[in-house]
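Listing of start_21.csv; format and content: CSV, C-alpha atoms.
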```csv
chain,number,residue,atom,x,y,z
W,288,MET,CA,93.9,4.3,-135.1
W,289,TRP,CA,92.6,7.8,-134.7
W,290,PHE,CA,94.0,11.3,-134.8
W,291,TYR,CA,92.4,14.1,-132.9
W,292,GLU,CA,91.5,17.3,-134.9
W,293,LYS,CA,91.7,20.3,-132.7
W,294,LYS,CA,88.3,21.8,-133.8
W,295,LEU,CA,84.6,21.1,-133.5
W,296,GLN,CA,82.7,19.7,-136.4
W,297,TYR,CA,80.2,22.6,-136.1
W,298,PRO,CA,80.3,25.9,-134.2
W,299,ALA,CA,78.8,25.8,-130.7
W,300,ASN,CA,77.8,29.1,-129.1
W,301,VAL,CA,75.6,29.9,-126.2
W,302,ARG,CA,74.0,33.3,-125.5
W,303,ARG,CA,73.9,33.0,-121.7
W,304,CYS,CA,74.5,30.8,-118.7
W,305,ASP,CA,71.4,28.4,-118.7
W,306,LEU,CA,71.8,25.6,-116.1
W,307,ALA,CA,68.4,24.1,-116.7
W,308,MET,CA,69.2,23.6,-120.4
W,309,ALA,CA,72.7,22.2,-119.5
W,310,LYS,CA,70.9,19.6,-117.3
W,311,PHE,CA,68.6,18.6,-120.2
W,312,LEU,CA,71.5,18.4,-122.7
W,313,PHE,CA,73.0,15.6,-120.5
W,314,ALA,CA,70.4,13.4,-122.3
W,315,GLN,CA,72.5,13.5,-125.4
W,316,TYR,CA,75.8,13.4,-123.5
W,317,GLY,CA,75.4,10.3,-121.4
W,318,GLY,CA,71.8,9.1,-121.9
W,319,PRO,CA,70.5,5.9,-123.6
W,320,ASP,CA,70.2,7.6,-127.1
W,321,SER,CA,73.2,9.9,-126.5
W,322,GLU,CA,76.1,10.6,-128.9
W,323,LEU,CA,78.3,8.5,-126.6
W,324,SER,CA,76.0,5.5,-127.0
W,325,ALA,CA,75.9,6.0,-130.7
W,326,ALA,CA,79.7,6.1,-131.0
W,327,VAL,CA,80.4,3.0,-128.9
W,328,ARG,CA,77.5,1.1,-130.5
W,329,TYR,CA,78.7,1.6,-134.1
W,330,LEU,CA,82.4,1.3,-133.4
W,331,THR,CA,81.7,-2.0,-131.6
W,332,GLN,CA,79.4,-3.5,-134.2
W,333,ARG,CA,81.7,-2.8,-137.2
W,334,TYR,CA,83.9,-5.8,-136.7
W,335,THR,CA,81.1,-8.2,-137.5
W,336,MET,CA,79.8,-6.5,-140.6
W,337,PRO,CA,80.0,-8.7,-143.7
W,338,ILE,CA,80.6,-6.2,-146.5
W,339,PRO,CA,83.0,-3.3,-147.0
W,340,GLN,CA,80.3,-0.7,-147.4
W,341,ALA,CA,79.0,-1.5,-143.9
W,342,LYS,CA,82.4,-1.8,-142.3
W,343,ALA,CA,83.3,1.7,-143.7
W,344,LEU,CA,79.9,3.2,-142.8
W,345,LEU,CA,80.0,2.1,-139.2
W,346,THR,CA,83.6,3.3,-138.8
W,347,ASP,CA,82.9,6.7,-140.2
W,348,ILE,CA,79.5,7.3,-138.6
W,349,GLY,CA,80.9,6.0,-135.2
W,350,THR,CA,83.8,8.5,-135.6
W,351,GLU,CA,81.4,11.4,-136.5
W,352,GLU,CA,79.4,10.5,-133.3
W,353,MET,CA,82.6,11.2,-131.2
W,354,ALA,CA,82.7,14.6,-132.8
W,355,HIS,CA,79.0,15.1,-131.9
W,356,TRP,CA,79.7,14.0,-128.3
W,357,GLU,CA,82.4,16.7,-128.2
W,358,ILE,CA,79.9,19.3,-129.4
W,359,ILE,CA,77.3,18.4,-126.7
W,360,GLY,CA,80.1,18.5,-124.1
W,361,THR,CA,81.1,22.0,-125.4
W,362,LEU,CA,77.5,23.3,-125.1
W,363,ILE,CA,77.2,22.0,-121.5
W,364,TYR,CA,80.7,23.4,-120.6
W,365,LYS,CA,79.7,26.8,-121.9
W,366,LEU,CA,76.2,26.8,-120.4
W,367,THR,CA,77.6,26.0,-116.9
W,368,GLU,CA,80.9,27.9,-117.1
W,369,ASP,CA,80.0,30.9,-115.0
W,370,ALA,CA,77.7,29.1,-112.5
W,371,THR,CA,78.1,29.1,-108.7
W,372,PRO,CA,77.4,26.0,-106.6
W,373,GLU,CA,74.2,27.7,-105.3
W,374,GLN,CA,73.0,28.3,-108.9
W,375,LEU,CA,73.8,24.7,-109.8
W,376,ARG,CA,71.8,23.6,-106.8
W,377,GLU,CA,68.8,25.7,-107.7
W,378,ALA,CA,68.8,24.3,-111.2
W,379,GLY,CA,68.8,20.7,-110.0
W,380,LEU,CA,72.5,20.1,-110.6
W,381,GLY,CA,73.4,20.1,-106.9
W,382,ASP,CA,73.8,16.2,-107.1
W,383,HIS,CA,76.1,16.6,-110.0
W,384,PHE,CA,78.2,19.3,-108.3
W,385,ALA,CA,78.6,17.2,-105.2
W,386,GLN,CA,80.1,14.3,-107.1
W,387,HIS,CA,81.6,16.0,-110.2
W,388,ASP,CA,81.8,19.8,-109.7
W,389,LYS,CA,81.6,21.0,-113.3
W,390,ALA,CA,83.3,18.0,-114.8
W,391,LEU,CA,81.6,16.5,-117.9
W,392,TYR,CA,80.8,13.1,-116.4
W,393,PRO,CA,78.6,11.0,-118.7
W,394,HIS,CA,75.1,10.7,-117.2
W,395,ASP,CA,71.6,11.3,-118.5
W,396,ALA,CA,69.4,14.3,-117.9
W,397,ALA,CA,68.3,12.8,-114.5
W,398,GLY,CA,71.9,12.0,-113.4
W,399,VAL,CA,71.8,8.2,-114.2
W,400,PRO,CA,75.4,7.2,-115.2
W,401,TRP,CA,76.0,6.0,-118.7
W,402,THR,CA,76.1,2.2,-119.1
W,403,ALA,CA,77.0,-0.2,-122.0
W,404,ALA,CA,73.6,-1.7,-121.3
W,405,TYR,CA,72.2,1.1,-123.5
W,406,ILE,CA,73.7,-0.5,-126.6
W,407,GLN,CA,73.6,-3.8,-128.3
W,408,ALA,CA,75.9,-5.7,-130.6
W,409,THR,CA,74.3,-9.0,-131.5
W,410,GLY,CA,76.8,-10.2,-134.2
W,411,ASP,CA,73.8,-10.3,-136.6
W,412,PRO,CA,74.3,-7.5,-139.1
W,413,ILE,CA,70.7,-7.3,-140.0
W,414,THR,CA,69.7,-6.9,-136.4
W,415,ASP,CA,72.4,-4.5,-135.6
W,416,LEU,CA,71.6,-2.2,-138.6
W,417,HIS,CA,67.9,-2.2,-137.5
W,418,GLU,CA,69.0,-1.1,-134.0
W,419,ASN,CA,71.1,1.7,-135.5
W,420,MET,CA,68.2,3.0,-137.6
W,421,ALA,CA,66.0,3.0,-134.5
W,422,ALA,CA,68.8,4.7,-132.5
W,423,GLU,CA,69.1,7.5,-135.1
W,424,GLN,CA,65.3,8.1,-134.9
W,425,LYS,CA,65.4,8.2,-131.1
W,426,ALA,CA,68.2,10.7,-131.2
W,427,ARG,CA,66.3,12.8,-133.7
W,428,THR,CA,63.3,12.8,-131.4
W,429,THR,CA,65.5,13.8,-128.4
W,430,TYR,CA,66.9,16.7,-130.4
W,431,GLU,CA,63.4,17.9,-131.2
W,432,HIS,CA,62.5,17.8,-127.5
W,433,LEU,CA,65.7,19.7,-126.6
W,434,ILE,CA,65.1,22.3,-129.2
W,435,SER,CA,61.6,22.9,-127.8
W,436,LEU,CA,63.1,23.5,-124.4
W,437,THR,CA,65.3,26.5,-125.2
W,438,ASP,CA,65.0,29.9,-126.9
W,439,ASP,CA,68.8,30.4,-127.2
W,440,ASP,CA,69.4,30.7,-130.9
W,441,GLY,CA,73.0,29.6,-130.6
W,442,VAL,CA,72.0,26.4,-128.9
W,443,ILE,CA,69.2,25.9,-131.4
W,444,ALA,CA,71.5,26.3,-134.4
W,445,THR,CA,73.9,23.6,-133.1
W,446,LEU,CA,71.1,21.2,-132.0
W,447,SER,CA,69.4,21.6,-135.5
W,448,PHE,CA,72.7,20.6,-137.2
W,449,LEU,CA,72.9,17.5,-134.9
W,450,ARG,CA,69.3,16.7,-135.6
W,451,GLU,CA,69.9,16.8,-139.4
W,452,ARG,CA,72.9,14.4,-139.0
W,453,GLU,CA,70.6,11.8,-137.4
W,454,VAL,CA,68.4,12.0,-140.5
W,455,VAL,CA,71.3,11.5,-142.8
W,456,HIS,CA,72.8,8.6,-140.7
W,457,PHE,CA,69.3,6.9,-140.8
W,458,GLN,CA,69.3,7.1,-144.6
W,459,ARG,CA,72.8,5.7,-144.9
W,460,PHE,CA,72.1,2.8,-142.4
W,461,GLY,CA,69.0,2.0,-144.5
W,462,GLU,CA,71.1,1.7,-147.6
W,463,ALA,CA,73.7,-0.5,-145.9
W,464,LEU,CA,70.9,-2.7,-144.6
W,465,MET,CA,69.6,-3.3,-148.1
W,466,GLN,CA,73.1,-4.0,-149.3
W,467,VAL,CA,73.7,-6.5,-146.5
W,468,GLN,CA,70.4,-8.2,-147.3
W,469,GLU,CA,71.3,-8.4,-151.0
W,470,HIS,CA,74.7,-9.9,-150.0
W,471,TYR,CA,73.0,-12.7,-148.0
W,472,GLN,CA,70.4,-13.4,-150.8
W,473,HIS,CA,73.3,-13.7,-153.2
W,474,LYS,CA,75.1,-16.1,-150.9
W,475,HIS,CA,71.8,-18.1,-150.2
W,476,ILE,CA,72.5,-17.8,-146.5
W,477,PHE,CA,69.4,-17.4,-144.3
W,478,CYS,CA,69.8,-14.8,-141.7
T,133,MET,CA,91.2,40.5,-131.0
T,134,HIS,CA,91.1,41.2,-134.7
T,135,ASP,CA,93.4,38.2,-135.3
T,136,TYR,CA,91.1,36.1,-133.1
T,137,ARG,CA,88.1,36.9,-135.3
T,138,SER,CA,90.1,36.1,-138.4
T,139,MET,CA,91.1,32.8,-136.9
T,140,VAL,CA,87.5,31.9,-136.1
T,141,GLU,CA,86.3,32.9,-139.6
T,142,LEU,CA,89.0,30.7,-141.2
T,143,LEU,CA,88.0,27.9,-138.8
T,144,LYS,CA,84.4,28.2,-139.9
T,145,GLU,CA,85.4,28.0,-143.6
T,146,ILE,CA,87.3,24.8,-142.7
T,147,GLN,CA,84.3,23.4,-140.8
T,148,ALA,CA,82.0,24.1,-143.8
T,149,LEU,CA,84.4,22.4,-146.3
T,150,GLU,CA,85.1,19.5,-144.0
T,151,PHE,CA,81.3,19.0,-143.5
T,152,GLY,CA,81.0,18.6,-147.3
T,153,VAL,CA,83.9,16.1,-147.3
T,154,TYR,CA,82.4,14.1,-144.5
T,155,GLU,CA,78.9,14.1,-146.0
T,156,LEU,CA,80.2,12.9,-149.4
T,157,ALA,CA,82.4,10.3,-147.7
T,158,LEU,CA,79.4,8.7,-145.9
T,159,PHE,CA,77.5,8.8,-149.2
T,160,LEU,CA,80.4,7.1,-151.0
T,161,ASP,CA,80.6,4.4,-148.3
T,162,THR,CA,77.3,3.1,-149.7
T,163,HIS,CA,77.7,4.4,-153.2
T,164,PRO,CA,81.3,3.7,-154.1
T,165,GLY,CA,80.5,3.6,-157.8
T,166,ASP,CA,79.1,7.2,-158.0
T,167,ARG,CA,81.7,9.0,-160.1
T,168,ARG,CA,80.2,12.5,-159.7
T,169,ALA,CA,80.1,12.2,-155.9
T,170,LEU,CA,83.7,11.0,-155.9
T,171,GLU,CA,84.8,14.0,-158.1
T,172,ASP,CA,83.0,16.4,-155.7
T,173,HIS,CA,84.6,14.7,-152.7
T,174,ASN,CA,88.1,14.9,-154.2
T,175,ARG,CA,87.6,18.5,-155.3
T,176,LEU,CA,86.6,19.5,-151.7
T,177,VAL,CA,89.4,17.5,-150.2
T,178,SER,CA,91.9,19.4,-152.3
T,179,ARG,CA,90.5,22.8,-151.2
T,180,LEU,CA,90.3,21.6,-147.6
T,181,ASN,CA,93.9,20.7,-147.6
T,182,GLN,CA,94.9,24.1,-148.8
T,183,LEU,CA,92.8,25.9,-146.2
T,184,ARG,CA,94.0,23.6,-143.4
T,185,LYS,CA,97.6,24.3,-144.4
T,186,ALA,CA,96.9,28.1,-144.4
T,187,PHE,CA,95.3,27.9,-141.0
T,188,GLU,CA,98.1,25.8,-139.5
T,189,ASP,CA,100.8,28.1,-140.8
T,190,ARG,CA,99.1,31.0,-139.2
T,191,TYR,CA,97.5,29.7,-136.0
T,192,GLY,CA,99.3,26.5,-135.2
T,193,PRO,CA,98.8,22.7,-135.7
T,194,LEU,CA,95.3,21.2,-135.7
T,195,ARG,CA,96.7,17.7,-135.4
T,196,LEU,CA,99.6,16.1,-133.6
T,197,ASP,CA,101.0,14.9,-136.9
T,198,SER,CA,101.2,18.4,-138.3
T,199,GLU,CA,104.6,20.1,-138.3
T,200,SER,CA,105.0,22.7,-135.5
T,201,PRO,CA,107.4,25.6,-134.9
T,202,TYR,CA,109.4,25.7,-131.6
T,203,PRO,CA,108.1,25.6,-128.9
T,204,TYR,CA,105.5,22.9,-129.7
T,205,ARG,CA,102.4,25.0,-130.6
T,206,TYR,CA,99.7,22.3,-130.7
T,207,ILE,CA,99.0,22.6,-127.0
T,208,ASN,CA,98.2,26.3,-127.2
T,209,ASP,CA,94.8,27.8,-126.2
T,210,PRO,CA,92.1,28.1,-127.3
T,211,TRP,CA,90.9,24.5,-127.4
T,212,PRO,CA,87.7,23.8,-129.4
T,213,TRP,CA,85.3,24.1,-126.4
T,214,GLU,CA,86.8,27.5,-125.4
T,215,ILE,CA,86.2,29.3,-128.7
T,216,GLN,CA,83.6,32.0,-129.3
T,217,TYR,CA,82.4,31.1,-132.8
```
Transcribe the structure of this file into structure tokens.
Amino acid sequence: MWFYEKKLQYPANVRRCDLAMAKFLFAQYGGPDSELSAAVRYLTQRYTMPIPQAKALLTDIGTEEMAHWEIIGTLIYKLTEDATPEQLREAGLGDHFAQHDKALYPHDAAGVPWTAAYIQATGDPITDLHENMAAEQKARTTYEHLISLTDDDGVIATLSFLREREVVHFQRFGEALMQVQEHYQHKHIFC
Amino acid sequence: MHDYRSMVELLKEIQALEFGVYELALFLDTHPGDRRALEDHNRLVSRLNQLRKAFEDRYGPLRLDSESPYPYRYINDPWPWEIQY
């Protein structure tokens, strides 16, 4: 089970209302390589991991991704808080307003709704861990794109933290992959 | 307002400590035999528990399984997305 902790993992401040940046940030809120995809991907794959290290890692990184999803949601909430419908429309968020007002509905930067088709869980731990390493790199790249789209130092500080977490998660998944491979070599099972 | 800033500063200290705990926990998931990392983890956990207790005594529960004074204080604003850090 899970308990909610009533705080963010990392502070999230914005200097001003910036609707264009809010629209871009939806990439990491409900896009293919978003924090939501990461959380659902890892928390789904963990059941079929063969060794304790991998079961623990997928559980804990999956949980951390939920916290990152909350941070991205907070940035979008703060960036859009003071906006009028007219301003949202001018920033390309008129479609969003028509369907969701300022609710934090999970879609990507272009408004495409989140789908489980963004993730995979093959039941093959070697394959799944490779997918996760690729996912962390894709998320790192997306954060670099997002950082280059803003000059708000509050937003940049938070996105830089999230970018660094992708690098650490990639490293840990790589270690788990080696341990799973060793596990199968030891058992003489071809996978 | 002064109390709000104190609340945020204590929250940031908790965030920093909890970051250390989480980072070491992920490392320990794949390195369960690393004694030094485990000692660092346990030391930070102990400090984190003290700070969390100090925060909750002053500003209210961070979790629904924390004890609360009457009336139930967990629900109170600000929620995490409303705080100016």
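Within 10 Å of Ser198 of chain T, once all atoms listed in the file are used and residues closer than 4 positions along the same chain are dropped, the contacting residues are Lys185, Glu188, Gly192, Pro193, Leu194 and Tyr206 of chain T.
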Produce a table with one row for each residue of segment 364-458 of chain W that has an atom at most 12 Å from any atom of segment 159-164 of chain T, each row naming the nearest atom pair and its distance in Å at one decimal; use only C-alpha atoms; arrange rows by chain and rising residue number; format as a Markdown table.
```
| residue | atom | partner | partner_atom | distance |
| --- | --- | --- | --- | --- |
| W:Val455 | CA | T:Phe159 | CA | 9.3 |
| W:His456 | CA | T:Phe159 | CA | 9.7 |
| W:Phe457 | CA | T:Phe159 | CA | 11.9 |
| W:Gln458 | CA | T:Phe159 | CA | 9.6 |
```
Would you list the residues near (73.7, 14.7, -147.1), meaning any protein, DNA or RNA residue with an atom at most 10 Å from that point in file coordinates, counting all atoms listed in the file, as a ChimeraX atom specification? /W:451-452,454-456,458-459 /T:151-152,154-159
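Here atom CA of Gln468 of chain W stands at a distance of 24.2 Å from atom CA of Arg167 of chain T.
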May I ask which of the residues T:Arg137, T:Ile207, T:Gly165, T:Arg195 is the closest one to chain W, counting only C-alpha atoms?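 Smallest separation from chain W among the options: T:Arg195.
Those residues of chain W that fall within 6 Å of chain T when using all atoms listed in the file read Glu292, Lys293, Lys294, Leu295, Gln296, Pro298, Gln340, Ala343, Leu344 and Thr361 of chain W.
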Out of W:Phe311, W:Gln424, W:Tyr471, W:Gly349, which residue has the shortest atom-to-atom distance to Gln332 of chain W when counting all atoms listed in the file? W:Gly349
Just to confirm, what's the straight-line distance from atom CA of Leu345 of chain W to atom CA of Gly360 of chain W in Å (one decimal)? 22.3 Å
Minimum-distance residue to Tyr136 of chain T, chosen among T:Asp189, T:Asp209, T:Arg179, T:Tyr202 (using only C-alpha atoms):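 Distance minimum relative to Tyr136 of chain T lands on T:Asp209.
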Pairwise distance for atom CA of Gln386 of chain W and atom CA of Lys365 of chain W, rounded to one decimal in Å: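 These two atoms are separated by 19.4 Å.
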Proximity to Arg333 of chain W - best of W:Ala444, W:Ala408, W:Ala378, W:Leu436, only C-alpha atoms: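 That would be W:Ala408, the residue with the smallest distance to Arg333 of chain W.
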Quick one: residues within 9 Å of Gly317 of chain W, all atoms listed in the file counted, chain neighbours fewer than 2 positions away excluded, as a PyMOL selection string? chain W and resi 313-315+319-324+356+392-396+398-402
For His470 of chain W, which residue out of W:Ala390, W:Met336, W:Met420, W:Met353 is the nearest one, using only C-alpha atoms?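 The shortest atom-to-atom distance to His470 of chain W comes from W:Met336.
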Pick from T:Val153, T:His134, T:Glu141, T:Tyr204 nearest to Leu180 of chain T, counting all atoms listed in the file: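 Closest residue, counting all atoms listed in the file: T:Val153.
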If we count only C-alpha atoms, what is near Cys304 of chain W at a cut-off of 9 Å, once residues fewer than 3 positions away on the same chain are taken out, given as a list in words? Val301, Ala309, Lys365, Leu366, Thr367, Glu368, Asp369 and Ala370 of chain W
